[in-house]
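Colleague: Provided herewith: run_18.tsv, TSV, C-alpha atoms.
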```tsv
chain	number	residue	atom	x	y	z
A	84	MET	CA	189.90	-131.33	43.70
A	85	ALA	CA	187.48	-128.42	43.91
A	86	TYR	CA	187.69	-128.07	40.14
A	87	LEU	CA	187.23	-131.74	39.26
A	88	ALA	CA	184.31	-132.63	41.54
A	89	PRO	CA	181.59	-130.20	40.28
A	90	PRO	CA	180.86	-132.10	37.04
A	91	ILE	CA	180.39	-135.32	39.00
A	92	VAL	CA	178.17	-133.59	41.57
A	93	SER	CA	176.03	-131.94	38.90
A	94	VAL	CA	175.50	-135.19	36.98
A	95	TYR	CA	174.60	-137.02	40.19
A	96	LEU	CA	172.19	-134.31	41.38
A	97	LEU	CA	170.35	-133.98	38.09
A	98	GLY	CA	170.32	-137.74	37.61
A	99	VAL	CA	168.63	-138.21	40.98
A	100	LEU	CA	166.38	-135.16	41.10
A	101	TRP	CA	165.28	-134.66	37.49
A	102	ARG	CA	163.60	-137.45	35.54
A	103	ARG	CA	164.45	-136.00	32.16
A	104	ALA	CA	168.21	-135.85	32.66
A	105	ASN	CA	169.91	-138.10	30.14
A	106	ALA	CA	173.32	-139.40	29.11
A	107	THR	CA	173.79	-136.78	26.39
A	108	GLY	CA	173.45	-133.99	28.94
A	109	ALA	CA	175.76	-135.81	31.35
A	110	ALA	CA	178.46	-136.15	28.69
A	111	ALA	CA	178.18	-132.47	27.82
A	112	SER	CA	178.34	-131.54	31.50
A	113	PHE	CA	181.49	-133.61	31.96
A	114	ALA	CA	183.10	-132.08	28.87
A	115	VAL	CA	182.33	-128.50	29.88
A	116	GLY	CA	183.13	-129.06	33.54
A	117	TYR	CA	186.48	-130.73	33.05
A	118	THR	CA	187.50	-128.23	30.37
A	119	LEU	CA	186.71	-125.28	32.64
A	120	GLY	CA	188.21	-127.02	35.69
A	121	PHE	CA	191.49	-127.85	34.00
A	122	GLY	CA	191.54	-124.35	32.51
A	123	ARG	CA	191.16	-122.86	35.98
A	124	MET	CA	193.98	-125.04	37.35
A	125	ALA	CA	196.25	-124.16	34.42
A	126	GLY	CA	195.42	-120.46	34.86
A	127	GLU	CA	196.33	-120.59	38.54
A	128	VAL	CA	199.67	-122.24	37.78
A	129	TRP	CA	200.38	-119.71	35.02
A	130	CYS	CA	199.51	-116.78	37.31
A	131	LYS	CA	201.82	-118.13	40.04
A	132	LEU	CA	204.70	-118.30	37.57
A	133	HIS	CA	203.87	-115.04	35.74
A	134	PRO	CA	201.86	-112.73	38.05
A	135	PRO	CA	199.31	-110.66	36.11
A	136	ARG	CA	198.98	-106.92	36.56
A	137	PRO	CA	196.60	-105.98	39.37
A	138	GLY	CA	193.00	-105.39	38.31
A	139	SER	CA	193.24	-107.45	35.12
A	140	ALA	CA	190.79	-110.22	34.20
A	141	ALA	CA	193.46	-112.86	34.88
A	142	ASP	CA	194.08	-111.34	38.31
A	143	SER	CA	190.35	-111.40	39.11
A	144	LEU	CA	189.72	-114.94	37.81
A	145	PHE	CA	192.84	-116.81	38.80
A	146	VAL	CA	194.36	-114.93	41.76
A	147	ARG	CA	191.65	-113.10	43.70
A	148	LEU	CA	188.67	-115.46	43.20
A	149	HIS	CA	188.65	-118.00	46.05
A	150	PHE	CA	188.76	-121.61	44.89
A	151	LEU	CA	185.49	-122.50	46.67
A	152	TYR	CA	183.63	-119.75	44.81
A	153	ALA	CA	185.20	-120.96	41.59
A	154	GLY	CA	184.02	-124.50	42.39
A	155	LEU	CA	180.48	-123.24	43.02
A	156	LEU	CA	180.44	-121.32	39.74
A	157	LEU	CA	181.79	-124.36	37.95
A	158	CYS	CA	179.06	-126.56	39.46
A	159	LEU	CA	176.37	-124.08	38.39
A	160	ALA	CA	177.79	-124.02	34.86
A	161	CYS	CA	177.75	-127.84	34.76
A	162	LEU	CA	174.16	-127.96	36.04
A	163	ALA	CA	173.04	-125.45	33.41
A	164	THR	CA	174.87	-127.34	30.65
A	165	HIS	CA	173.44	-130.70	31.70
A	166	ALA	CA	169.90	-129.34	31.89
A	167	ALA	CA	170.09	-127.46	28.58
A	168	VAL	CA	171.62	-130.33	26.61
A	169	SER	CA	169.23	-132.90	28.16
A	170	TRP	CA	166.29	-130.71	27.29
A	171	ALA	CA	167.52	-130.15	23.73
A	172	ALA	CA	168.24	-133.87	23.25
A	173	GLN	CA	164.69	-134.74	24.32
A	174	GLY	CA	163.30	-132.54	21.57
A	175	ALA	CA	165.40	-134.44	19.04
A	176	ASP	CA	164.18	-137.88	20.17
A	177	GLY	CA	160.48	-137.07	20.23
A	178	GLY	CA	160.27	-135.53	23.67
A	179	GLU	CA	159.77	-138.80	25.49
A	180	GLY	CA	162.80	-138.23	27.69
A	181	ARG	CA	163.78	-141.86	28.04
A	182	ALA	CA	167.05	-142.20	29.86
A	183	VAL	CA	167.40	-145.93	29.05
A	184	ASP	CA	168.50	-146.94	25.58
A	185	GLU	CA	165.99	-149.35	24.04
A	186	THR	CA	168.71	-151.57	22.53
A	187	LEU	CA	170.32	-151.94	25.94
A	188	LEU	CA	166.97	-152.81	27.47
A	189	ALA	CA	166.40	-155.48	24.82
A	190	LYS	CA	169.70	-157.16	25.72
A	191	CYS	CA	169.15	-157.29	29.46
A	192	SER	CA	167.82	-160.31	31.29
A	193	CYS	CA	164.96	-158.41	32.89
A	194	GLY	CA	162.44	-159.40	30.26
A	195	GLY	CA	162.99	-156.97	27.40
A	196	GLU	CA	161.98	-158.16	23.94
A	197	GLY	CA	164.62	-160.37	22.40
A	198	GLY	CA	166.49	-160.81	25.65
A	199	ARG	CA	166.75	-163.78	27.94
A	200	ARG	CA	164.13	-164.12	30.58
A	201	ALA	CA	165.26	-164.46	34.16
A	202	ALA	CA	164.89	-167.89	35.72
A	203	PRO	CA	161.70	-168.24	37.73
A	204	ALA	CA	162.03	-167.99	41.47
A	205	PRO	CA	162.12	-171.34	43.28
A	206	LYS	CA	158.78	-172.48	44.58
A	207	ASP	CA	158.29	-172.29	48.33
A	208	PRO	CA	158.00	-175.71	49.90
A	209	ALA	CA	154.60	-176.76	51.12
A	210	PRO	CA	154.20	-176.40	54.90
A	211	THR	CA	154.11	-180.18	55.38
A	212	GLU	CA	157.50	-180.64	53.73
A	213	TRP	CA	159.43	-178.84	56.43
A	214	LEU	CA	157.47	-180.00	59.47
A	215	PRO	CA	158.53	-183.15	61.34
A	216	ALA	CA	156.53	-186.28	60.58
A	217	SER	CA	154.80	-186.29	63.95
A	218	LEU	CA	154.81	-184.05	66.97
A	219	PRO	CA	154.82	-185.65	70.43
A	220	ASP	CA	151.87	-184.68	72.58
A	221	GLU	CA	152.39	-182.73	75.79
A	222	THR	CA	156.17	-182.93	75.85
A	223	HIS	CA	156.51	-179.45	77.28
A	224	HIS	CA	154.43	-179.62	80.39
A	225	ALA	CA	155.27	-177.80	83.57
A	226	GLY	CA	158.16	-179.18	85.53
A	227	GLY	CA	159.07	-181.96	83.14
A	228	LYS	CA	161.55	-182.56	80.40
A	229	ALA	CA	160.86	-183.53	76.85
A	230	GLY	CA	159.97	-187.22	76.78
A	231	ASP	CA	158.75	-187.43	80.41
A	232	GLU	CA	155.28	-188.67	81.09
A	233	PRO	CA	152.89	-185.88	81.91
A	234	ARG	CA	152.08	-185.56	85.59
A	235	GLY	CA	148.56	-185.10	86.64
A	236	VAL	CA	147.07	-183.91	89.88
A	237	GLU	CA	146.16	-186.76	92.21
A	238	LEU	CA	143.16	-186.36	94.47
```
So, in terms of structure tokens, how does the structure I just supplied come out?

Modeller:
Amino acid sequence: MAYLAPPIVSVYLLGVLWRRANATGAAASFAVGYTLGFGRMAGEVWCKLHPPRPGSAADSLFVRLHFLYAGLLLCLACLATHAAVSWAAQGADGGEGRAVDETLLAKCSCGGEGGRRAAPAPKDPAPTEWLPASLPDETHHAGGKAGDEPRGVEL
């Protein structure tokens, strides 16, 4: 799991924290991250079955390097890939850095050109429509119940 989560984390972090992150960079980050992650898992299995000689590159990368450090390095590689590819893709599309595809926006119901418009919100009823026709006077006087005649002070 430590090798499969870093691409997802990097895409989420850059998507939330960096306005210019785009789908091209996310796809590249996923491709690089999952390739390196599956490669690391395959290398660990291979090194368990066929132990490498001590001090070799395979021993350092697949046996001695703790999996949490490998996950951190993998996340950093995914972040760098996502940022670099997003930045390069912005240069190709004019540098505007739009993360939303214009054709998708045109098809949505939020008011894009050529799309359906959302139905207008229902109008709030006028205050007189929800009030009772008449309110009884002084029905809530001290000591009485609704509908009782009001009691006055006799002198």

Colleague: For a test of reading the model, state the distance in Å between CA of Ala125 in chain A and CA of Thr107 in chain A, rounded to one decimal.

Modeller: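 According to the coordinates, CA of Ala125 in chain A and CA of Thr107 in chain A are separated by 27.0 Å.
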
Colleague: Between A:Glu127, A:His133, A:Gly116, A:Val99, which has the minimum distance to Arg147 in chain A (counting only C-alpha atoms)?

Modeller: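 Between A:Glu127, A:His133, A:Gly116, A:Val99, the residue approaching Arg147 in chain A most closely is A:Glu127.
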
Colleague: Of the candidates A:Arg102, A:His149, A:His165, A:Arg136, which shows the shortest atom-to-atom distance to Tyr86 in chain A, using only C-alpha atoms?

Modeller: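 Smallest distance to Tyr86 in chain A is found for A:His149.
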
Colleague: Tell me, in Å to one decimal, how far CA of Ser169 in chain A is from CA of Val115 in chain A.

Modeller: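 These atoms are spaced 13.9 Å apart.
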
Colleague: Work out how far apart CA of Trp101 in chain A and CA of Leu159 in chain A are and give it in Å to one decimal.

Modeller: 15.4 Å

Colleague: Go through A:Val146, A:Leu100, A:Cys161, A:Val94 and flag the residue nearest Lys131 in chain A, using only C-alpha atoms for the distances.

Modeller: A:Val146

Colleague: Considering all atoms listed in the file, can you say which of A:Leu87, A:Leu162, A:Leu156, A:Leu144 comes closest to Cys130 in chain A?

Modeller: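 Of A:Leu87, A:Leu162, A:Leu156, A:Leu144, the one nearest Cys130 in chain A, counting all atoms listed in the file, is A:Leu144.
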
Colleague: Kindly extract all protein, DNA and RNA residues lying within 10 Å of the coordinates (180.4, -123.0, 39.5) given in the file, considering only C-alpha atoms, and supply them as JSON, numbers by chain.

Modeller: {"A": [85, 86, 89, 90, 93, 116, 119, 120, 151, 152, 153, 154, 155, 156, 157, 158, 159, 160, 161, 162, 163]}

Colleague: Quick one: of A:Ala111, A:Arg103, A:Val92, A:Gly98, who's nearest to Thr164 in chain A, counting all atoms listed in the file?

Modeller: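 The closest residue to Thr164 in chain A is A:Ala111.
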
Colleague: For Ala106 in chain A, which residue out of A:Val168, A:Ile91, A:Val128, A:Leu148 is the nearest one, using all atoms listed in the file?

Modeller: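 Looking at the shortest contact to Ala106 in chain A, the residue is A:Val168.
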
Colleague: Starting from the incomplete input, reconstruct all heavy atoms of range 114-125 of chain A and report them as a PDB file, in the coordinates of the input.

Modeller:
```pdb
ATOM      1  N   ALA A 114     182.179-132.749  29.793  1.00  0.00           N
ATOM      2  CA  ALA A 114     183.100-132.080  28.870  1.00  0.00           C
ATOM      3  C   ALA A 114     183.308-130.622  29.256  1.00  0.00           C
ATOM      4  O   ALA A 114     184.451-130.151  29.348  1.00  0.00           O
ATOM      5  CB  ALA A 114     182.570-132.190  27.442  1.00  0.00           C
ATOM      6  N   VAL A 115     182.219-129.913  29.508  1.00  0.00           N
ATOM      7  CA  VAL A 115     182.330-128.500  29.880  1.00  0.00           C
ATOM      8  C   VAL A 115     183.002-128.357  31.236  1.00  0.00           C
ATOM      9  O   VAL A 115     183.899-127.524  31.430  1.00  0.00           O
ATOM     10  CB  VAL A 115     180.940-127.826  29.865  1.00  0.00           C
ATOM     11  CG1 VAL A 115     180.973-126.476  30.525  1.00  0.00           C
ATOM     12  CG2 VAL A 115     180.440-127.705  28.433  1.00  0.00           C
ATOM     13  N   GLY A 116     182.593-129.173  32.196  1.00  0.00           N
ATOM     14  CA  GLY A 116     183.130-129.060  33.540  1.00  0.00           C
ATOM     15  C   GLY A 116     184.617-129.337  33.624  1.00  0.00           C
ATOM     16  O   GLY A 116     185.364-128.591  34.271  1.00  0.00           O
ATOM     17  N   TYR A 117     185.056-130.409  32.985  1.00  0.00           N
ATOM     18  CA  TYR A 117     186.480-130.730  33.050  1.00  0.00           C
ATOM     19  C   TYR A 117     187.317-129.750  32.232  1.00  0.00           C
ATOM     20  O   TYR A 117     188.443-129.436  32.608  1.00  0.00           O
ATOM     21  CB  TYR A 117     186.733-132.170  32.633  1.00  0.00           C
ATOM     22  CG  TYR A 117     186.255-133.148  33.676  1.00  0.00           C
ATOM     23  CD1 TYR A 117     185.474-134.233  33.331  1.00  0.00           C
ATOM     24  CD2 TYR A 117     186.569-132.960  35.015  1.00  0.00           C
ATOM     25  CE1 TYR A 117     185.024-135.120  34.296  1.00  0.00           C
ATOM     26  CE2 TYR A 117     186.118-133.835  35.983  1.00  0.00           C
ATOM     27  CZ  TYR A 117     185.353-134.906  35.617  1.00  0.00           C
ATOM     28  OH  TYR A 117     184.908-135.783  36.576  1.00  0.00           O
ATOM     29  N   THR A 118     186.770-129.246  31.141  1.00  0.00           N
ATOM     30  CA  THR A 118     187.500-128.230  30.370  1.00  0.00           C
ATOM     31  C   THR A 118     187.685-126.963  31.198  1.00  0.00           C
ATOM     32  O   THR A 118     188.797-126.422  31.285  1.00  0.00           O
ATOM     33  CB  THR A 118     186.760-127.919  29.061  1.00  0.00           C
ATOM     34  OG1 THR A 118     186.628-129.120  28.308  1.00  0.00           O
ATOM     35  CG2 THR A 118     187.505-126.878  28.253  1.00  0.00           C
ATOM     36  N   LEU A 119     186.603-126.486  31.813  1.00  0.00           N
ATOM     37  CA  LEU A 119     186.710-125.280  32.640  1.00  0.00           C
ATOM     38  C   LEU A 119     187.563-125.536  33.889  1.00  0.00           C
ATOM     39  O   LEU A 119     188.328-124.658  34.312  1.00  0.00           O
ATOM     40  CB  LEU A 119     185.321-124.795  33.045  1.00  0.00           C
ATOM     41  CG  LEU A 119     184.440-124.245  31.924  1.00  0.00           C
ATOM     42  CD1 LEU A 119     183.061-123.887  32.468  1.00  0.00           C
ATOM     43  CD2 LEU A 119     185.089-123.043  31.272  1.00  0.00           C
ATOM     44  N   GLY A 120     187.430-126.707  34.494  1.00  0.00           N
ATOM     45  CA  GLY A 120     188.210-127.020  35.690  1.00  0.00           C
ATOM     46  C   GLY A 120     189.705-127.091  35.413  1.00  0.00           C
ATOM     47  O   GLY A 120     190.516-126.519  36.155  1.00  0.00           O
ATOM     48  N   PHE A 121     190.076-127.793  34.343  1.00  0.00           N
ATOM     49  CA  PHE A 121     191.490-127.850  34.000  1.00  0.00           C
ATOM     50  C   PHE A 121     191.999-126.487  33.550  1.00  0.00           C
ATOM     51  O   PHE A 121     193.150-126.131  33.806  1.00  0.00           O
ATOM     52  CB  PHE A 121     191.759-128.907  32.926  1.00  0.00           C
ATOM     53  CG  PHE A 121     191.784-130.307  33.461  1.00  0.00           C
ATOM     54  CD1 PHE A 121     190.909-131.264  32.978  1.00  0.00           C
ATOM     55  CD2 PHE A 121     192.682-130.673  34.450  1.00  0.00           C
ATOM     56  CE1 PHE A 121     190.923-132.558  33.470  1.00  0.00           C
ATOM     57  CE2 PHE A 121     192.703-131.962  34.956  1.00  0.00           C
ATOM     58  CZ  PHE A 121     191.826-132.909  34.463  1.00  0.00           C
ATOM     59  N   GLY A 122     191.150-125.717  32.883  1.00  0.00           N
ATOM     60  CA  GLY A 122     191.540-124.350  32.510  1.00  0.00           C
ATOM     61  C   GLY A 122     191.799-123.482  33.728  1.00  0.00           C
ATOM     62  O   GLY A 122     192.751-122.699  33.753  1.00  0.00           O
ATOM     63  N   ARG A 123     190.959-123.620  34.744  1.00  0.00           N
ATOM     64  CA  ARG A 123     191.160-122.860  35.980  1.00  0.00           C
ATOM     65  C   ARG A 123     192.465-123.279  36.653  1.00  0.00           C
ATOM     66  O   ARG A 123     193.237-122.431  37.123  1.00  0.00           O
ATOM     67  CB  ARG A 123     189.955-123.070  36.904  1.00  0.00           C
ATOM     68  CG  ARG A 123     190.126-122.626  38.308  1.00  0.00           C
ATOM     69  CD  ARG A 123     190.014-121.148  38.502  1.00  0.00           C
ATOM     70  NE  ARG A 123     190.332-120.866  39.911  1.00  0.00           N
ATOM     71  CZ  ARG A 123     190.159-119.724  40.469  1.00  0.00           C
ATOM     72  NH1 ARG A 123     189.672-118.720  39.799  1.00  0.00           N
ATOM     73  NH2 ARG A 123     190.482-119.553  41.729  1.00  0.00           N
ATOM     74  N   MET A 124     192.733-124.582  36.723  1.00  0.00           N
ATOM     75  CA  MET A 124     193.980-125.040  37.350  1.00  0.00           C
ATOM     76  C   MET A 124     195.200-124.552  36.563  1.00  0.00           C
ATOM     77  O   MET A 124     196.186-124.087  37.152  1.00  0.00           O
ATOM     78  CB  MET A 124     194.012-126.561  37.443  1.00  0.00           C
ATOM     79  CG  MET A 124     193.137-127.100  38.532  1.00  0.00           C
ATOM     80  SD  MET A 124     193.411-128.820  38.948  1.00  0.00           S
ATOM     81  CE  MET A 124     193.075-129.646  37.421  1.00  0.00           C
ATOM     82  N   ALA A 125     195.129-124.622  35.246  1.00  0.00           N
ATOM     83  CA  ALA A 125     196.250-124.160  34.420  1.00  0.00           C
ATOM     84  C   ALA A 125     196.437-122.649  34.578  1.00  0.00           C
ATOM     85  O   ALA A 125     197.572-122.164  34.639  1.00  0.00           O
ATOM     86  CB  ALA A 125     196.007-124.523  32.961  1.00  0.00           C
TER      87      ALA A 125
END
```
